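As stored in data_7.cif (mmCIF, C-alpha atoms):
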data_protein
#
loop_
_atom_site.label_atom_id
_atom_site.label_comp_id
_atom_site.auth_asym_id
_atom_site.auth_seq_id
_atom_site.Cartn_x
_atom_site.Cartn_y
_atom_site.Cartn_z
CA MET A 1 97.33 -45.46 -84.69
CA THR A 2 94.43 -47.48 -86.11
CA LYS A 3 92.10 -49.63 -84.04
CA ASN A 4 93.69 -52.75 -85.52
CA GLU A 5 97.11 -51.55 -84.32
CA ASP A 6 95.75 -50.65 -80.87
CA TRP A 7 94.07 -54.06 -80.65
CA SER A 8 97.28 -55.88 -81.57
CA LYS A 9 99.44 -53.80 -79.21
CA THR A 10 97.24 -54.17 -76.13
CA THR A 11 96.38 -57.85 -76.56
CA THR A 12 100.03 -58.69 -77.25
CA ALA A 13 100.93 -56.98 -73.96
CA ILE A 14 98.26 -59.04 -72.20
CA TYR A 15 99.49 -62.30 -73.75
CA ASN A 16 103.18 -61.58 -73.07
CA GLY A 17 102.42 -60.48 -69.51
CA ILE A 18 100.52 -63.69 -68.74
CA LEU A 19 103.28 -65.80 -70.31
CA LEU A 20 106.04 -63.97 -68.43
CA TYR A 21 104.53 -63.98 -64.95
CA SER A 22 103.34 -67.58 -65.28
CA ILE A 23 106.69 -69.02 -66.38
CA ALA A 24 108.67 -66.82 -63.97
CA GLY A 25 106.29 -67.76 -61.16
CA LEU A 26 106.66 -71.47 -61.85
CA LEU A 27 110.46 -71.26 -61.93
CA HIS A 28 110.53 -69.06 -58.83
CA ALA A 29 108.48 -71.62 -56.90
CA ILE A 30 111.15 -74.20 -57.76
CA VAL A 31 114.30 -72.10 -57.42
CA ASP A 32 113.48 -70.05 -54.31
CA PRO A 33 113.32 -72.99 -51.83
CA ILE A 34 116.52 -74.40 -53.32
CA ALA A 35 118.20 -71.00 -52.96
CA ASP A 36 117.11 -70.82 -49.30
CA LEU A 37 118.55 -74.28 -48.61
CA ALA A 38 121.77 -73.43 -50.46
CA GLU A 39 122.10 -70.18 -48.54
CA GLY A 40 121.70 -71.99 -45.23
CA ALA A 41 124.25 -74.61 -46.25
CA SER A 42 126.73 -71.97 -47.43
CA MET A 43 126.47 -70.18 -44.09
CA LEU A 44 127.41 -73.40 -42.32
CA VAL A 45 130.28 -74.00 -44.75
CA ALA A 46 131.50 -70.42 -44.41
CA PHE A 47 131.29 -70.68 -40.63
CA ALA A 48 133.48 -73.77 -40.82
CA GLY A 49 135.88 -71.90 -43.11
CA ALA A 50 135.54 -74.44 -45.93
CA GLY A 51 133.96 -72.42 -48.76
CA SER A 52 132.75 -69.11 -50.12
CA GLY A 53 129.06 -69.80 -50.83
CA SER A 54 129.15 -68.24 -54.31
CA GLU A 55 126.78 -70.90 -55.67
CA ALA A 56 124.13 -69.89 -53.14
CA ASP A 57 124.59 -66.24 -54.09
CA GLY A 58 124.02 -67.12 -57.74
CA LEU A 59 120.78 -68.97 -56.94
CA THR A 60 119.57 -66.08 -54.81
CA ILE A 61 120.24 -63.61 -57.62
CA PHE A 62 118.43 -65.87 -60.08
CA ALA A 63 115.43 -66.15 -57.72
CA ASN A 64 115.32 -62.35 -57.40
CA LEU A 65 115.45 -61.97 -61.19
CA LEU A 66 112.52 -64.37 -61.49
CA LEU A 67 110.63 -62.33 -58.90
CA ALA A 68 111.31 -59.21 -60.98
CA GLY A 69 110.02 -61.10 -64.03
CA ILE A 70 106.77 -61.84 -62.20
CA ILE A 71 106.32 -58.15 -61.36
CA VAL A 72 107.09 -57.04 -64.94
CA GLY A 73 104.65 -59.65 -66.25
CA TYR A 74 101.84 -58.33 -64.09
CA ILE A 75 102.61 -54.76 -65.13
CA LEU A 76 102.40 -55.77 -68.80
CA PHE A 77 99.14 -57.61 -68.11
CA PHE A 78 97.51 -54.70 -66.25
CA ASN A 79 98.64 -52.11 -68.78
CA GLY A 80 97.40 -54.31 -71.60
CA LEU A 81 93.99 -54.75 -69.99
CA THR A 82 93.72 -51.00 -69.32
CA GLY A 83 94.57 -50.12 -72.91
CA PHE A 84 92.33 -52.86 -74.29
CA ALA A 85 89.35 -51.56 -72.32
CA ARG A 86 89.82 -48.10 -73.84
CA ILE A 87 89.34 -49.27 -77.44
CA LEU A 88 86.25 -51.40 -76.80
CA ASP A 89 82.58 -50.52 -76.76
CA ALA A 90 81.05 -49.71 -73.38
CA GLY A 91 79.77 -53.17 -72.46
CA ASP A 92 82.95 -54.94 -73.56
CA SER A 93 85.08 -52.34 -71.79
CA THR A 94 83.20 -52.94 -68.53
CA ALA A 95 83.79 -56.68 -68.89
CA VAL A 96 87.56 -56.18 -69.34
CA GLY A 97 87.51 -53.94 -66.24
CA LYS A 98 86.01 -56.84 -64.27
CA ILE A 99 88.84 -59.08 -65.49
CA ARG A 100 91.35 -56.56 -64.19
CA THR A 101 89.59 -56.38 -60.81
CA GLY A 102 89.52 -60.17 -60.63
CA VAL A 103 93.26 -60.33 -61.23
CA ILE A 104 93.86 -57.78 -58.46
CA LEU A 105 91.81 -59.93 -56.07
CA GLY A 106 93.91 -62.91 -57.10
CA LEU A 107 97.07 -61.00 -56.21
CA VAL A 108 95.59 -60.07 -52.83
CA ALA A 109 94.80 -63.73 -52.19
CA THR A 110 98.38 -64.67 -53.10
CA ALA A 111 99.77 -62.07 -50.69
CA ILE A 112 97.49 -63.25 -47.87
CA GLY A 113 98.62 -66.81 -48.59
CA PHE A 114 101.98 -66.04 -47.02
CA ILE A 115 100.21 -65.66 -43.65
CA PRO A 116 99.85 -68.99 -41.83
CA LEU A 117 96.41 -70.61 -41.49
CA THR A 118 94.76 -68.43 -44.14
CA GLY A 119 94.20 -71.10 -46.80
CA ILE A 120 90.40 -70.99 -46.62
CA ILE A 121 90.36 -67.18 -46.80
CA CYS A 122 92.61 -67.28 -49.87
CA GLY A 123 90.36 -69.87 -51.45
CA ILE A 124 87.25 -67.73 -50.91
CA ILE A 125 88.93 -64.62 -52.38
CA ASN A 126 90.12 -66.65 -55.36
CA ILE A 127 86.62 -68.00 -55.99
CA ILE A 128 85.21 -64.44 -55.89
CA ALA A 129 87.90 -63.36 -58.36
CA PHE A 130 87.24 -66.34 -60.62
CA PHE A 131 83.49 -65.67 -60.66
CA MET A 132 84.11 -62.01 -61.55
CA MET A 133 86.29 -63.04 -64.48
CA LEU A 134 83.84 -65.81 -65.39
CA THR A 135 81.00 -63.31 -65.79
CA ALA A 136 83.32 -60.99 -67.73
CA TYR A 137 84.37 -63.69 -70.19
CA SER A 138 80.74 -64.77 -70.51
CA THR A 139 79.86 -61.20 -71.49
CA LEU A 140 82.63 -61.09 -74.10
CA LYS A 141 81.87 -64.47 -75.63
CA ASN A 142 78.22 -63.49 -76.09
CA SER A 143 78.78 -59.84 -76.99
CA PRO A 144 77.44 -58.71 -80.38
CA THR A 145 80.04 -55.91 -80.43
CA PHE A 146 83.02 -58.22 -79.84
CA PRO A 147 84.51 -59.62 -83.09
CA PRO A 148 83.22 -63.17 -83.81
CA ALA A 149 86.69 -64.76 -83.81
CA ALA A 150 87.53 -63.03 -80.53
CA ARG A 151 84.35 -64.48 -79.01
CA GLY A 152 85.84 -67.92 -79.58
CA GLY A 153 88.94 -66.90 -77.61
CA ALA A 154 86.73 -65.53 -74.84
CA GLY A 155 84.96 -68.91 -74.79
CA ASN A 156 88.29 -70.62 -74.04
CA LEU A 157 88.95 -68.10 -71.28
CA TYR A 158 85.47 -68.74 -69.88
CA THR A 159 86.16 -72.48 -69.74
CA SER A 160 89.55 -71.87 -68.09
CA GLN A 161 87.86 -69.98 -65.25
CA ILE A 162 85.43 -72.86 -64.65
CA LEU A 163 88.41 -75.21 -64.43
CA LEU A 164 90.19 -72.91 -61.97
CA ILE A 165 87.11 -72.75 -59.73
CA VAL A 166 86.88 -76.55 -59.79
CA GLY A 167 90.62 -76.73 -59.03
CA VAL A 168 90.32 -74.47 -55.98
CA VAL A 169 87.44 -76.53 -54.59
CA LEU A 170 89.27 -79.83 -55.20
CA GLY A 171 92.34 -78.32 -53.55
CA TRP A 172 90.48 -78.43 -50.23
CA ILE A 173 90.45 -82.24 -50.30
CA PRO A 174 93.01 -83.48 -47.75
CA LEU A 175 96.20 -85.13 -49.01
CA ILE A 176 95.33 -85.53 -52.72
CA GLY A 177 93.55 -82.22 -53.34
CA GLY A 178 96.76 -80.38 -54.16
CA VAL A 179 97.61 -82.86 -56.92
CA PHE A 180 94.22 -82.44 -58.60
CA GLU A 181 94.44 -78.66 -58.29
CA ALA A 182 97.92 -78.58 -59.86
CA ILE A 183 96.84 -80.68 -62.86
CA ILE A 184 93.74 -78.57 -63.46
CA LYS A 185 95.77 -75.34 -63.17
CA VAL A 186 98.12 -76.53 -65.92
CA ILE A 187 95.19 -77.28 -68.24
CA ALA A 188 93.57 -73.94 -67.41
CA PHE A 189 96.85 -72.10 -68.03
CA ILE A 190 97.11 -73.64 -71.52
CA MET A 191 93.52 -72.60 -72.26
CA VAL A 192 94.24 -69.05 -71.08
CA LEU A 193 97.17 -68.79 -73.48
CA ILE A 194 95.10 -70.23 -76.34
CA GLY A 195 92.24 -67.84 -75.58
CA TRP A 196 94.33 -64.67 -75.49
CA SER A 197 96.37 -65.83 -78.48
CA THR A 198 93.14 -66.20 -80.46
CA ILE A 199 91.96 -62.73 -79.42
CA ARG A 200 95.40 -61.26 -80.18
CA LYS A 201 95.31 -62.46 -83.78
CA VAL A 202 91.90 -60.93 -84.51
CA GLN A 203 91.56 -57.88 -86.71
CA PRO A 204 88.57 -55.86 -85.43
CA GLU A 205 85.72 -55.73 -87.88
CA VAL A 206 85.55 -52.54 -89.88
CA GLN A 207 82.04 -51.21 -89.89
CA PRO A 208 80.90 -50.41 -93.44
CA GLU A 209 80.03 -46.89 -94.31
CA PRO A 210 76.26 -46.34 -94.39
CA PRO A 211 74.94 -46.30 -97.95
CA THR A 212 74.08 -42.96 -99.45
CA TYR A 213 70.97 -42.47 -101.44
CA SER A 214 70.26 -39.78 -104.01
CA MET A 215 66.93 -38.68 -105.27
CA PRO A 216 66.27 -39.80 -108.83
CA ASP A 217 66.31 -37.08 -111.45
CA LYS A 218 62.92 -35.74 -112.40
CA PRO A 219 61.84 -36.75 -115.87
CA GLN A 220 62.18 -34.05 -118.46
CA GLN A 221 58.86 -32.41 -119.34
#

Show me this structure written as C-alpha cells.
Amino acid sequence: MTKNEDWSKTTTAIYNGILLYSIAGLLHAIVDPIADLAEGASMLVAFAGAGSGSEADGLTIFANLLLAGIIVGYILFFNGLTGFARILDAGDSTAVGKIRTGVILGLVATAIGFIPLTGIICGIINIIAFFMMLTAYSTLKNSPTFPPAARGGAGNLYTSQILLIVGVVLGWIPLIGGVFEAIIKVIAFIMVLIGWSTIRKVQPEVQPEPPTYSMPDKPQQ
C-alpha cells in the first residue's frame, strides 16, 4: 500500500469516527432522557394493567444503539490516529500522539462528569486536553514536513480548539453560560469536520529523486 493510500485510509477513519460519535452522541443526549421517561411511564401503565410498554422498549433499544455508535466512532477515531501517526515524520507523529492523548483525557472528563458536583474538575481536565491538542495542531500547521494543504486543515483544527477552550470557560457563567458553550461547540464541531476533511483529501507530496551527476567525458587527445 502506498503512502497516499495509507494517508487516505487513516484520515478517512478519523473523519468518519468523529462524524459518527458526534452525531450519535447528540442523538443519544436527546433520546436517552426521553427513553427513561417513557420507561417510567410504561412501568406505571403496566402496573395498572393498561398497556405493554413496547414503545418504551423501542426507545431504549434505539438509545443503546446510539451508545454503541458512540463507542464505534471513538474506536475508528483512535485507530485512525494511531495509523496516521505511523506514516508521518517523527515530529508530526509526536503531534498526532498528543491529539490522541488529549482525546483520552476528554473521555475521562466525560466519565467523571457523571459524578455529582464534579463540573469544575471536568472543566479543568478538558482545558488540559484542549491545550494538548492546541499545541499539537499548532505543530502540524507550522510543520515543514506536513503537506502544505494539510497545514491549512490543521489551522482549522487549531482554531476549533481555541473556540472549545473559550466555550468551556464561558460555560462556567451561571444561567447563560451553557447556552454560549453550546453555540461555540457547534461552530467548533463544524471547523473540526472541515479541518479533517481538508487533511483527508490531501495527497502527500512525493519527494523528487535526487539528481544524478556524471563526470563529463575527457576530451580526446

A:Ser93, A:Thr2, A:Thr110, A:Ser160 ranked by distance to Thr139 (chain A), top pick (using all atoms listed in the file):
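Going through A:Ser93, A:Thr2, A:Thr110, A:Ser160 one by one, the smallest distance to Thr139 (chain A) is for A:Ser93.
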
Write out as a compact mmCIF listing (two decimals) with C-alpha atoms, in the coordinates of the input which residues come within 12 Å of Val168 (chain A) when counting all atoms listed in the file, dropping same-chain ones fewer than 2 positions away.
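What follows is the written file part.txt:
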# COMPACT_ATOMS: atom_id res chain seq x y z
CA GLY A 119 94.20 -71.10 -46.80
CA ILE A 120 90.40 -70.99 -46.62
CA ILE A 121 90.36 -67.18 -46.80
CA CYS A 122 92.61 -67.28 -49.87
CA GLY A 123 90.36 -69.87 -51.45
CA ILE A 124 87.25 -67.73 -50.91
CA ILE A 125 88.93 -64.62 -52.38
CA ASN A 126 90.12 -66.65 -55.36
CA ILE A 127 86.62 -68.00 -55.99
CA ILE A 128 85.21 -64.44 -55.89
CA ALA A 129 87.90 -63.36 -58.36
CA PHE A 130 87.24 -66.34 -60.62
CA GLN A 161 87.86 -69.98 -65.25
CA ILE A 162 85.43 -72.86 -64.65
CA LEU A 163 88.41 -75.21 -64.43
CA LEU A 164 90.19 -72.91 -61.97
CA ILE A 165 87.11 -72.75 -59.73
CA VAL A 166 86.88 -76.55 -59.79
CA LEU A 170 89.27 -79.83 -55.20
CA GLY A 171 92.34 -78.32 -53.55
CA TRP A 172 90.48 -78.43 -50.23
CA ILE A 173 90.45 -82.24 -50.30
CA GLY A 177 93.55 -82.22 -53.34
CA GLY A 178 96.76 -80.38 -54.16
CA VAL A 179 97.61 -82.86 -56.92
CA PHE A 180 94.22 -82.44 -58.60
CA GLU A 181 94.44 -78.66 -58.29
CA ALA A 182 97.92 -78.58 -59.86
CA ILE A 183 96.84 -80.68 -62.86
CA ILE A 184 93.74 -78.57 -63.46
CA LYS A 185 95.77 -75.34 -63.17
CA ALA A 188 93.57 -73.94 -67.41

Between CA of Gly25 (chain A) and CA of Gly58 (chain A) lies a distance of 18.1 Å

Report as a ChimeraX atom specification the full result of the PyMOL selection byres ((chain A and resi 157) around 12) when it is applied to this structure. /A:99,130,133-141,150-156,158-164,187-199

Note to self: So that I can check the surroundings of Val31 (chain A), please list as a PyMOL selection string every protein, DNA and RNA residue that reaches within 8 Å of it, counting only C-alpha atoms and ignoring chain neighbours fewer than 5 positions away.
What the structure shows: chain A and resi 59+62-63

Got a sec to resolve the PyMOL selection byres ((chain A and resi 80) around 8) on this structure and send the residues as number ranges by chain? A: 9-14, 76-79, 81-84

*One-decimal distance in Å that lies between CA of Tyr15 (chain A) and CA of Leu107 (chain A)*: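 Interatomic distance, CA of Leu107 (chain A) to CA of Tyr15 (chain A): 17.8 Å.
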